[in-house]
Amino acid sequence: MAPLAGCFTTVYFKEQTRLECPEPPPPVCKPDHFDEVTIDTSSAQRPFSTHYLTIDRVDGLDTRSNEYSVAFPPGSTGRDGLATLRPSRAGEAQEQERIVTVRFQAPEKAVLNEEVTARDVDGAIGGGAVSPRGDTILFAARGSGSVSGDYDLYGASYTNGTITSARRRRISSVIYWDAQPALAPDGRTIYFASDRRDGFGGTDIYMSHLEGNNQWTVPENVGPGVNTGCDELSPFVSGDGKWLYFSSAGHATVGGYDLFRAPISGGHIGKAENLGRPINTPADELFPSAPPNASPDTLLYYSSNQKVANNFDIYVLHRVPRKGAAISNAKLKTVTLEGTVRDHLGRPVDSARVTIEAHDPPGKKDSTLTARDGGYKFQVEEGHRYEVVAGSDSTLYSREEVRIPITNGRNPIVHDVTLSDTVTFRVNFPFNNASDPYEFTLDEHGLPSDLRWADMIDRAADFLKQFNGGPRGRFVIIGHTDPVGSDPFNLDLGQRRAEFIRRELIRRGVSPEILVTGSRGESEPLPRVTNEPEDQYHARLRRVELIRKK
């Protein structure tokens with residue numbers, strides 16, 4: 001949804017080589033290797049369903065030019081969009097990128113129409129991020145008199161395929177490379193790539209928020225959940241506003257640049273996850289995008305320079321109707337998931353209840369009791385994600401997500417579970433609120449996970465209801481706060497947050513007799529991680545803990 005802003009011209013600033021778009025990183029950047037197949041694109045997948053997923057190179061966006069990105073205006077259903085092209089024939093390497101309107105006859109077939117004209121801007125521009133109202137476009141370009149390669153963020157009027165009245169945005173740095181803007185669906189948060197010196201290394205993803213005075217805040221780095229010492233590029237926000245997609249040469253990659261996504265919650269960006277093979281390949285994958293009304297899980301466009309491509313071409317992950325019923329009897333690929341449940345001292349737990357539920361897509365739920373050695377075993381499908389919840393009469397419970405790789409039948413997949421004596425609900429409340437938490441819970445690093453707080457409370461209630469009406473135990477809910485505010489205020493705030501969790505559990509059927517609340521306020525801070533941003537640390541401190549009373 002954003003311009004590549006040039007990937008070929010090497011430019012010199014103060015005797016330091018910079019690139020208009022970074023090449024894959026030098027050897028000093030050594031990402032881990034990722035080789036997990038996360039999407040089954042064979043026609044035999046889920047044989048009883050009406051569709052299956054496949055990846056195609058988009059006909060019409062696979063020419064000898066470099067096709068970098070596809071952008072969809074607000075409200076688009078996926079038929080009309082904008083594509084960014086750059087000539088690659090001999091003698092044309094320095095020609096500017098151009099934006100072309102595109103009509104998609106099918107997800108994998110596009111017809112190029114009119115070229116979008118741009119006034120008031122010198123230098124190359126690429127596909128832009130269109131505002132929710134559809135009348136403004138954000139893009140990266142070189143202003144009049146600027147040094148080649150010094151890209152800044154611009155905003156302009158966008159009417160009938162014409163970009164006019166372009167103005168440089170103040171959030172751009174005069175010195176650094178700022179490019180590839182993406183807007184959140186509400187138009188009030190902008191994400192972009194930059195090589196600013198306060199980053200983690202290479203190019204990082206930054207964000208800025210639109211305030212009530214119609215001014216953008218000072219850009220801030222989105223943090224270590226996304227950015228690495230390598231390069232991060234081409235951000236994109238899903239139509240539901242819940243996921244930040246981007247490209248990175250860091251983290252763990254299949255090769256070159258890979259596509260990743262990270263959850264967005266309450267202004268925080270969570271930990272990135274690789275989209276996996278076969279979307280990612282040993283080549284470069286850049287510029288993820290999808291229509292606003294579509295899920296990137298089933299419709300995702302991106303650019304790649306795979307060996308079969310003509311330079312960079314556009315690819316699409318999409319659903320294909322299943323033809324005929326000849327494969328309806330094909331066997332699902334199943335493997336064994338097994339492991340051992342242990343308590344916090346490492347001892348096997350006999351008769352622990354282990355429940356497994358298929359996610360992505362939702363599926364059946366199953367449960368079993370562990371043997372004397374703590375062992376459990378399930379049959380699961382390859383390429384799916386599962387939630388595993390374990391607990392017993394003498395322990396608390398654990399909830400973990402397990403992704404089953406595609407192994408072509410290699411057995412078994414081993415996943416051990418450890419039951420802690422404390423369950424921490426990292427429910428992040430905005431400011432001093434104690435009854436309206438942010439939608440997603442936080443992980444152990446203080447970053448948003450993909451688990452909604454309401455779903456987390458559902459899981460806790462399912463476990464606790466087994467103790468209703470019996471003498472087998474009571475549970476203490478303890479509220480904690482960050483150090484902002486006075487001691488009396490924070491003790492009260494922690495108590496109110498604990499009471500909120502208690503009410504939610506009771507509303508889900510847990511007996512009030514087994515739940516006790518308390519507050520520690522700010523008196524029991526967690527250890528702070530080296531170089532951890534203060535706001536992220538404070539988010540980890542704002543937690544509620546469930547403790548089994550001995």
# chains A, B, ... in the order shown; residues from 1 in each chain; ligands from 1
call {"tool": "select_by_dssp", "arguments": {"residues": "stretch 104-287 of chain A", "states": "strand (DSSP E or B)", "output": "PyMOL selection string"}}
result
chain A and resi 104-106+109-118+122+129-130+136-142+152-159+162-168+178-183+189-194+204-210+216+220-221+232-237+243-248+252-253+258-265+268-269+273-274+277+285-287
call {"tool": "residues_around", "arguments": {"residues": "A:Phe246", "least_positions_apart": "6", "cutoff": "9 Å", "atoms": "only C-alpha atoms", "output": "PDB file with C-alpha atoms, in the first residue's frame"}}
result
ATOM      1  CA  ILE A 205       8.981   0.737  11.301  1.00  0.00           C
ATOM      2  CA  VAL A 226       8.732  -5.774  15.156  1.00  0.00           C
ATOM      3  CA  GLU A 232      12.067  -3.750   8.376  1.00  0.00           C
ATOM      4  CA  LEU A 233      10.043  -2.323   5.485  1.00  0.00           C
ATOM      5  CA  SER A 234       6.629  -1.890   3.813  1.00  0.00           C
ATOM      6  CA  PRO A 235       4.117  -1.798   6.696  1.00  0.00           C
ATOM      7  CA  PHE A 236       0.422  -2.499   6.099  1.00  0.00           C
ATOM      8  CA  VAL A 237      -2.524  -2.563   8.541  1.00  0.00           C
ATOM      9  CA  ASP A 258      10.070 -12.341   4.562  1.00  0.00           C
ATOM     10  CA  LEU A 259       6.526 -11.239   5.403  1.00  0.00           C
ATOM     11  CA  PHE A 260       5.542 -11.004   9.084  1.00  0.00           C
ATOM     12  CA  ARG A 261       2.594  -9.811  11.134  1.00  0.00           C
ATOM     13  CA  ALA A 262       2.237  -8.523  14.707  1.00  0.00           C
ATOM     14  CA  LEU A 286       7.697  -7.275   0.213  1.00  0.00           C
ATOM     15  CA  PHE A 287       4.626  -5.019   0.406  1.00  0.00           C
ATOM     16  CA  PRO A 288       1.821  -7.123   1.899  1.00  0.00           C
TER      17      PRO A 288
END
call {"tool": "closest_atom_pairs", "arguments": {"of": "stretch 388-503 of chain A", "to": "stretch 266-276 of chain A", "cutoff": "12 Å", "atoms": "only C-alpha atoms", "output": "JSON lines"}}
result
{"residue": "A:Arg403", "atom": "CA", "partner": "A:Gly276", "partner_atom": "CA", "distance": 11.4}
{"residue": "A:Pro405", "atom": "CA", "partner": "A:Gly276", "partner_atom": "CA", "distance": 9.9}
{"residue": "A:Ile406", "atom": "CA", "partner": "A:Gly276", "partner_atom": "CA", "distance": 10.9}
{"residue": "A:Val427", "atom": "CA", "partner": "A:Gly266", "partner_atom": "CA", "distance": 11.2}
{"residue": "A:Asn428", "atom": "CA", "partner": "A:Gly266", "partner_atom": "CA", "distance": 8.5}
{"residue": "A:Phe429", "atom": "CA", "partner": "A:Gly266", "partner_atom": "CA", "distance": 9.0}
{"residue": "A:Pro430", "atom": "CA", "partner": "A:Gly266", "partner_atom": "CA", "distance": 7.8}
{"residue": "A:Phe431", "atom": "CA", "partner": "A:Gly266", "partner_atom": "CA", "distance": 11.0}
{"residue": "A:Asp436", "atom": "CA", "partner": "A:Gly266", "partner_atom": "CA", "distance": 11.4}
{"residue": "A:Pro437", "atom": "CA", "partner": "A:Gly266", "partner_atom": "CA", "distance": 9.0}
{"residue": "A:Tyr438", "atom": "CA", "partner": "A:Gly266", "partner_atom": "CA", "distance": 5.6}
{"residue": "A:Glu439", "atom": "CA", "partner": "A:Gly266", "partner_atom": "CA", "distance": 7.4}
{"residue": "A:Phe440", "atom": "CA", "partner": "A:Gly266", "partner_atom": "CA", "distance": 8.0}
{"residue": "A:Thr441", "atom": "CA", "partner": "A:Gly270", "partner_atom": "CA", "distance": 9.9}
{"residue": "A:Leu442", "atom": "CA", "partner": "A:Gly270", "partner_atom": "CA", "distance": 8.0}
{"residue": "A:Asp443", "atom": "CA", "partner": "A:Gly270", "partner_atom": "CA", "distance": 8.2}
{"residue": "A:Glu444", "atom": "CA", "partner": "A:Lys271", "partner_atom": "CA", "distance": 10.5}
{"residue": "A:His445", "atom": "CA", "partner": "A:Lys271", "partner_atom": "CA", "distance": 8.6}
{"residue": "A:Gly446", "atom": "CA", "partner": "A:Gly270", "partner_atom": "CA", "distance": 8.2}
{"residue": "A:Leu447", "atom": "CA", "partner": "A:Gly270", "partner_atom": "CA", "distance": 4.4}
{"residue": "A:Pro448", "atom": "CA", "partner": "A:Gly270", "partner_atom": "CA", "distance": 4.3}
{"residue": "A:Ser449", "atom": "CA", "partner": "A:Gly270", "partner_atom": "CA", "distance": 5.9}
{"residue": "A:Asp450", "atom": "CA", "partner": "A:Gly270", "partner_atom": "CA", "distance": 8.3}
{"residue": "A:Leu451", "atom": "CA", "partner": "A:Gly270", "partner_atom": "CA", "distance": 11.1}
{"residue": "A:Arg452", "atom": "CA", "partner": "A:Gly266", "partner_atom": "CA", "distance": 11.9}
call {"tool": "write_last_selection", "arguments": {"atoms": "C-alpha atoms", "output": "PDB file, in the first residue's frame"}}
result
ATOM      1  CA  ARG A 403       1.281 -24.582  15.756  1.00  0.00           C
ATOM      2  CA  PRO A 405       4.037 -27.821  11.140  1.00  0.00           C
ATOM      3  CA  ILE A 406       3.485 -29.646   7.883  1.00  0.00           C
ATOM      4  CA  VAL A 427      -4.924  -7.192  31.394  1.00  0.00           C
ATOM      5  CA  ASN A 428      -3.804  -3.761  30.308  1.00  0.00           C
ATOM      6  CA  PHE A 429      -6.151  -0.965  31.384  1.00  0.00           C
ATOM      7  CA  PRO A 430      -5.851   2.462  29.762  1.00  0.00           C
ATOM      8  CA  PHE A 431      -4.688   5.180  32.163  1.00  0.00           C
ATOM      9  CA  ASP A 436     -12.514  -1.265  30.336  1.00  0.00           C
ATOM     10  CA  PRO A 437      -9.267  -3.084  29.465  1.00  0.00           C
ATOM     11  CA  TYR A 438      -7.558  -3.038  26.106  1.00  0.00           C
ATOM     12  CA  GLU A 439      -8.865  -5.773  23.850  1.00  0.00           C
ATOM     13  CA  PHE A 440      -5.757  -7.977  23.729  1.00  0.00           C
ATOM     14  CA  THR A 441      -3.797  -9.380  26.679  1.00  0.00           C
ATOM     15  CA  LEU A 442      -0.039  -8.852  27.018  1.00  0.00           C
ATOM     16  CA  ASP A 443       2.638 -11.507  26.743  1.00  0.00           C
ATOM     17  CA  GLU A 444       5.591 -11.914  29.101  1.00  0.00           C
ATOM     18  CA  HIS A 445       7.437  -9.115  27.270  1.00  0.00           C
ATOM     19  CA  GLY A 446       4.619  -6.592  27.736  1.00  0.00           C
ATOM     20  CA  LEU A 447       3.605  -6.832  24.071  1.00  0.00           C
ATOM     21  CA  PRO A 448       0.061  -7.508  22.846  1.00  0.00           C
ATOM     22  CA  SER A 449      -0.672 -11.154  22.167  1.00  0.00           C
ATOM     23  CA  ASP A 450      -3.375 -12.452  19.831  1.00  0.00           C
ATOM     24  CA  LEU A 451      -5.557 -13.490  22.826  1.00  0.00           C
ATOM     25  CA  ARG A 452      -8.452 -11.226  23.704  1.00  0.00           C
TER      26      ARG A 452
END
call {"tool": "closest_residue", "arguments": {"among": "A:Ser398, A:Gln379, A:Thr101, A:Asn311", "to": "A:Asp421", "atoms": "only C-alpha atoms"}}
result
A:Ser398
call {"tool": "residues_around", "arguments": {"residues": "A:Arg197", "least_positions_apart": "5", "cutoff": "12 Å", "atoms": "only C-alpha atoms", "output": "PDB file with N, CA and C atoms, in the first residue's frame"}}
result
ATOM      1  N   SER A 173      11.696  13.461   8.583  1.00  0.00           N
ATOM      2  CA  SER A 173      12.984  14.022   8.969  1.00  0.00           C
ATOM      3  C   SER A 173      13.647  14.661   7.752  1.00  0.00           C
ATOM      4  N   ILE A 175      16.758  14.796   7.306  1.00  0.00           N
ATOM      5  CA  ILE A 175      17.995  14.078   7.020  1.00  0.00           C
ATOM      6  C   ILE A 175      17.742  12.649   6.563  1.00  0.00           C
ATOM      7  N   TYR A 176      16.818  11.951   7.213  1.00  0.00           N
ATOM      8  CA  TYR A 176      16.717  10.516   7.030  1.00  0.00           C
ATOM      9  C   TYR A 176      15.694  10.115   5.974  1.00  0.00           C
ATOM     10  N   TRP A 177      15.816   8.864   5.540  1.00  0.00           N
ATOM     11  CA  TRP A 177      14.949   8.263   4.532  1.00  0.00           C
ATOM     12  C   TRP A 177      13.638   7.860   5.199  1.00  0.00           C
ATOM     13  N   GLY A 202      19.583  -0.720  10.723  1.00  0.00           N
ATOM     14  CA  GLY A 202      18.966  -0.775   9.409  1.00  0.00           C
ATOM     15  C   GLY A 202      17.776   0.163   9.350  1.00  0.00           C
ATOM     16  N   THR A 203      16.739  -0.231   8.630  1.00  0.00           N
ATOM     17  CA  THR A 203      15.498   0.543   8.602  1.00  0.00           C
ATOM     18  C   THR A 203      14.506  -0.097   9.565  1.00  0.00           C
ATOM     19  N   ASP A 204      13.746   0.728  10.253  1.00  0.00           N
ATOM     20  CA  ASP A 204      12.750   0.279  11.225  1.00  0.00           C
ATOM     21  C   ASP A 204      11.376   0.797  10.832  1.00  0.00           C
ATOM     22  N   GLU A 220       7.395   7.594  16.662  1.00  0.00           N
ATOM     23  CA  GLU A 220       8.046   6.727  17.637  1.00  0.00           C
ATOM     24  C   GLU A 220       8.259   5.352  17.041  1.00  0.00           C
ATOM     25  N   ASN A 221       9.367   4.736  17.428  1.00  0.00           N
ATOM     26  CA  ASN A 221       9.686   3.390  16.979  1.00  0.00           C
ATOM     27  C   ASN A 221       8.655   2.418  17.539  1.00  0.00           C
ATOM     28  N   GLY A 229      17.880  -5.620  14.355  1.00  0.00           N
ATOM     29  CA  GLY A 229      19.092  -4.992  13.842  1.00  0.00           C
ATOM     30  C   GLY A 229      19.196  -5.067  12.341  1.00  0.00           C
TER      31      GLY A 229
END
call {"tool": "residues_around", "arguments": {"residues": "A:Thr281", "least_positions_apart": "4", "cutoff": "12 Å", "atoms": "only C-alpha atoms", "output": "VMD selection string"}}
result
chain A and resid 33 to 37 253 to 259 274 to 277 285 to 286 303 to 308
call {"tool": "write_last_selection", "arguments": {"atoms": "N, CA and C atoms", "output": "mmCIF file, in the first residue's frame"}}
result
data_model
loop_
_atom_site.group_PDB
_atom_site.id
_atom_site.type_symbol
_atom_site.label_atom_id
_atom_site.label_comp_id
_atom_site.auth_asym_id
_atom_site.auth_seq_id
_atom_site.Cartn_x
_atom_site.Cartn_y
_atom_site.Cartn_z
ATOM 1 N N HIS A 33 17.123 -19.097 10.927
ATOM 2 C CA HIS A 33 16.473 -19.712 9.770
ATOM 3 C C HIS A 33 15.077 -20.182 10.149
ATOM 4 N N PHE A 34 14.123 -19.903 9.284
ATOM 5 C CA PHE A 34 12.733 -20.310 9.482
ATOM 6 C C PHE A 34 12.337 -21.184 8.299
ATOM 7 N N ASP A 35 11.815 -22.375 8.564
ATOM 8 C CA ASP A 35 11.494 -23.284 7.468
ATOM 9 C C ASP A 35 10.164 -23.986 7.699
ATOM 10 N N GLU A 36 9.250 -23.297 8.398
ATOM 11 C CA GLU A 36 7.989 -23.935 8.750
ATOM 12 C C GLU A 36 6.938 -23.672 7.678
ATOM 13 N N VAL A 37 6.283 -24.737 7.238
ATOM 14 C CA VAL A 37 5.164 -24.611 6.305
ATOM 15 C C VAL A 37 3.908 -24.373 7.128
ATOM 16 N N THR A 253 14.024 -16.010 9.143
ATOM 17 C CA THR A 253 13.488 -15.905 7.790
ATOM 18 C C THR A 253 13.764 -17.158 6.971
ATOM 19 N N VAL A 254 12.905 -17.362 5.965
ATOM 20 C CA VAL A 254 13.139 -18.415 4.983
ATOM 21 C C VAL A 254 14.306 -18.008 4.090
ATOM 22 N N GLY A 255 14.462 -16.703 3.878
ATOM 23 C CA GLY A 255 15.552 -16.164 3.075
ATOM 24 C C GLY A 255 15.228 -14.769 2.606
ATOM 25 N N GLY A 256 16.254 -13.900 2.495
ATOM 26 C CA GLY A 256 16.019 -12.528 2.056
ATOM 27 C C GLY A 256 15.034 -11.824 2.972
ATOM 28 N N TYR A 257 14.119 -11.052 2.368
ATOM 29 C CA TYR A 257 13.033 -10.430 3.115
ATOM 30 C C TYR A 257 11.853 -11.392 3.187
ATOM 31 N N ASP A 258 11.277 -11.538 4.367
ATOM 32 C CA ASP A 258 10.070 -12.341 4.562
ATOM 33 C C ASP A 258 8.932 -11.450 5.026
ATOM 34 N N LEU A 259 7.694 -11.937 4.895
ATOM 35 C CA LEU A 259 6.526 -11.239 5.403
ATOM 36 C C LEU A 259 6.208 -11.707 6.819
ATOM 37 N N ASN A 274 6.336 -14.982 11.733
ATOM 38 C CA ASN A 274 6.597 -15.197 10.320
ATOM 39 C C ASN A 274 5.364 -15.829 9.674
ATOM 40 N N LEU A 275 4.958 -15.316 8.503
ATOM 41 C CA LEU A 275 3.806 -15.894 7.821
ATOM 42 C C LEU A 275 4.100 -17.289 7.287
ATOM 43 N N GLY A 276 5.390 -17.653 7.244
ATOM 44 C CA GLY A 276 5.758 -19.020 6.908
ATOM 45 C C GLY A 276 5.733 -19.327 5.428
ATOM 46 N N ARG A 277 6.211 -20.513 5.113
ATOM 47 C CA ARG A 277 6.119 -21.026 3.759
ATOM 48 C C ARG A 277 4.707 -21.555 3.510
ATOM 49 N N GLU A 285 10.233 -11.193 -0.272
ATOM 50 C CA GLU A 285 8.802 -10.903 -0.261
ATOM 51 C C GLU A 285 8.585 -9.557 0.422
ATOM 52 N N LEU A 286 7.874 -8.644 -0.259
ATOM 53 C CA LEU A 286 7.697 -7.275 0.213
ATOM 54 C C LEU A 286 6.245 -6.826 0.001
ATOM 55 N N SER A 303 4.617 -8.633 -3.178
ATOM 56 C CA SER A 303 5.575 -8.609 -4.283
ATOM 57 C C SER A 303 6.734 -9.548 -3.978
ATOM 58 N N SER A 304 7.219 -10.245 -5.001
ATOM 59 C CA SER A 304 8.336 -11.173 -4.804
ATOM 60 C C SER A 304 9.154 -11.276 -6.083
ATOM 61 N N ASN A 305 10.451 -11.506 -5.930
ATOM 62 C CA ASN A 305 11.360 -11.654 -7.074
ATOM 63 C C ASN A 305 11.852 -13.092 -7.195
ATOM 64 N N GLN A 306 10.950 -14.031 -7.074
ATOM 65 C CA GLN A 306 11.304 -15.440 -7.202
ATOM 66 C C GLN A 306 11.879 -15.730 -8.585
ATOM 67 N N LYS A 307 12.561 -16.854 -8.727
ATOM 68 C CA LYS A 307 13.256 -17.171 -9.972
ATOM 69 C C LYS A 307 12.307 -17.247 -11.158
ATOM 70 N N VAL A 308 11.070 -17.659 -10.908
ATOM 71 C CA VAL A 308 10.115 -17.769 -12.018
ATOM 72 C C VAL A 308 9.526 -16.416 -12.384
#
call {"tool": "closest_residue", "arguments": {"among": "A:Thr136, A:Asn293, A:Thr530, A:Ser265", "to": "A:Ser76", "atoms": "only C-alpha atoms"}}
result
A:Asn293
call {"tool": "select_by_dssp", "arguments": {"residues": "stretch 462-520 of chain A", "states": "helix (DSSP H, G or I)", "output": "VMD selection string"}}
result
chain A and resid 462 to 467 487 to 507 512 to 514
call {"tool": "residues_around", "arguments": {"residues": "A:Asp120", "least_positions_apart": "4", "cutoff": "7 Å", "atoms": "only C-alpha atoms", "output": "PDB file with C-alpha atoms, in the first residue's frame"}}
result
ATOM      1  CA  THR A 164      -2.453  17.660  -6.539  1.00  0.00           C
ATOM      2  CA  SER A 165      -1.403  20.141  -3.868  1.00  0.00           C
ATOM      3  CA  ALA A 166       1.323  17.874  -2.506  1.00  0.00           C
TER       4      ALA A 166
END
call {"tool": "closest_residue", "arguments": {"among": "A:Pro278, A:Gly60, A:Pro292, A:Gly339", "to": "A:Asp240", "atoms": "only C-alpha atoms"}}
result
A:Pro292
call {"tool": "residues_around", "arguments": {"residues": "A:Val423", "least_positions_apart": "4", "cutoff": "9 Å", "atoms": "only C-alpha atoms", "output": "ChimeraX atom specification"}}
result
/A:396-398,544-548
call {"tool": "write_last_selection", "arguments": {"atoms": "N, CA and C atoms", "output": "PDB file, in the first residue's frame"}}
result
ATOM      1  N   LEU A 396      -2.718 -25.138  39.353  1.00  0.00           N
ATOM      2  CA  LEU A 396      -3.443 -24.184  38.518  1.00  0.00           C
ATOM      3  C   LEU A 396      -3.428 -24.699  37.087  1.00  0.00           C
ATOM      4  N   TYR A 397      -3.656 -23.845  36.141  1.00  0.00           N
ATOM      5  CA  TYR A 397      -3.742 -24.299  34.766  1.00  0.00           C
ATOM      6  C   TYR A 397      -2.778 -23.518  33.882  1.00  0.00           C
ATOM      7  N   SER A 398      -2.564 -24.032  32.689  1.00  0.00           N
ATOM      8  CA  SER A 398      -1.706 -23.374  31.698  1.00  0.00           C
ATOM      9  C   SER A 398      -2.439 -23.361  30.365  1.00  0.00           C
ATOM     10  N   VAL A 544      -3.014  -8.571  36.730  1.00  0.00           N
ATOM     11  CA  VAL A 544      -3.833  -9.234  37.752  1.00  0.00           C
ATOM     12  C   VAL A 544      -3.386 -10.681  37.821  1.00  0.00           C
ATOM     13  N   GLU A 545      -3.147 -11.183  39.024  1.00  0.00           N
ATOM     14  CA  GLU A 545      -2.652 -12.546  39.193  1.00  0.00           C
ATOM     15  C   GLU A 545      -3.680 -13.406  39.914  1.00  0.00           C
ATOM     16  N   LEU A 546      -3.798 -14.634  39.479  1.00  0.00           N
ATOM     17  CA  LEU A 546      -4.658 -15.625  40.124  1.00  0.00           C
ATOM     18  C   LEU A 546      -3.759 -16.628  40.838  1.00  0.00           C
ATOM     19  N   ILE A 547      -3.918 -16.745  42.152  1.00  0.00           N
ATOM     20  CA  ILE A 547      -3.062 -17.609  42.957  1.00  0.00           C
ATOM     21  C   ILE A 547      -3.922 -18.636  43.686  1.00  0.00           C
ATOM     22  N   ARG A 548      -3.529 -19.877  43.594  1.00  0.00           N
ATOM     23  CA  ARG A 548      -4.255 -20.918  44.334  1.00  0.00           C
ATOM     24  C   ARG A 548      -3.866 -20.866  45.795  1.00  0.00           C
TER      25      ARG A 548
END
call {"tool": "closest_residue", "arguments": {"among": "A:Asn531, A:Ser157, A:Thr422, A:Ser435", "to": "A:Gln495", "atoms": "only C-alpha atoms"}}
result
A:Ser435
call {"tool": "closest_residue", "arguments": {"among": "A:Lys377, A:Lys30, A:Arg459, A:Arg98", "to": "A:Ser65", "atoms": "only C-alpha atoms"}}
result
A:Arg98
call {"tool": "atom_distance", "arguments": {"atom1": "atom CA of A:Ser208", "atom2": "atom CA of A:Leu85"}}
result
27.4 Å
call {"tool": "atom_distance", "arguments": {"atom1": "atom CA of A:Arg103", "atom2": "atom CA of A:Asn310"}}
result
20.9 Å
call {"tool": "atom_distance", "arguments": {"atom1": "atom CA of A:Arg169", "atom2": "atom CA of A:Asp195"}}
result
16.9 Å
call {"tool": "closest_residue", "arguments": {"among": "A:Ala371, A:Val111, A:Leu317, A:Leu541", "to": "A:Asn490", "atoms": "only C-alpha atoms"}}
result
A:Leu541
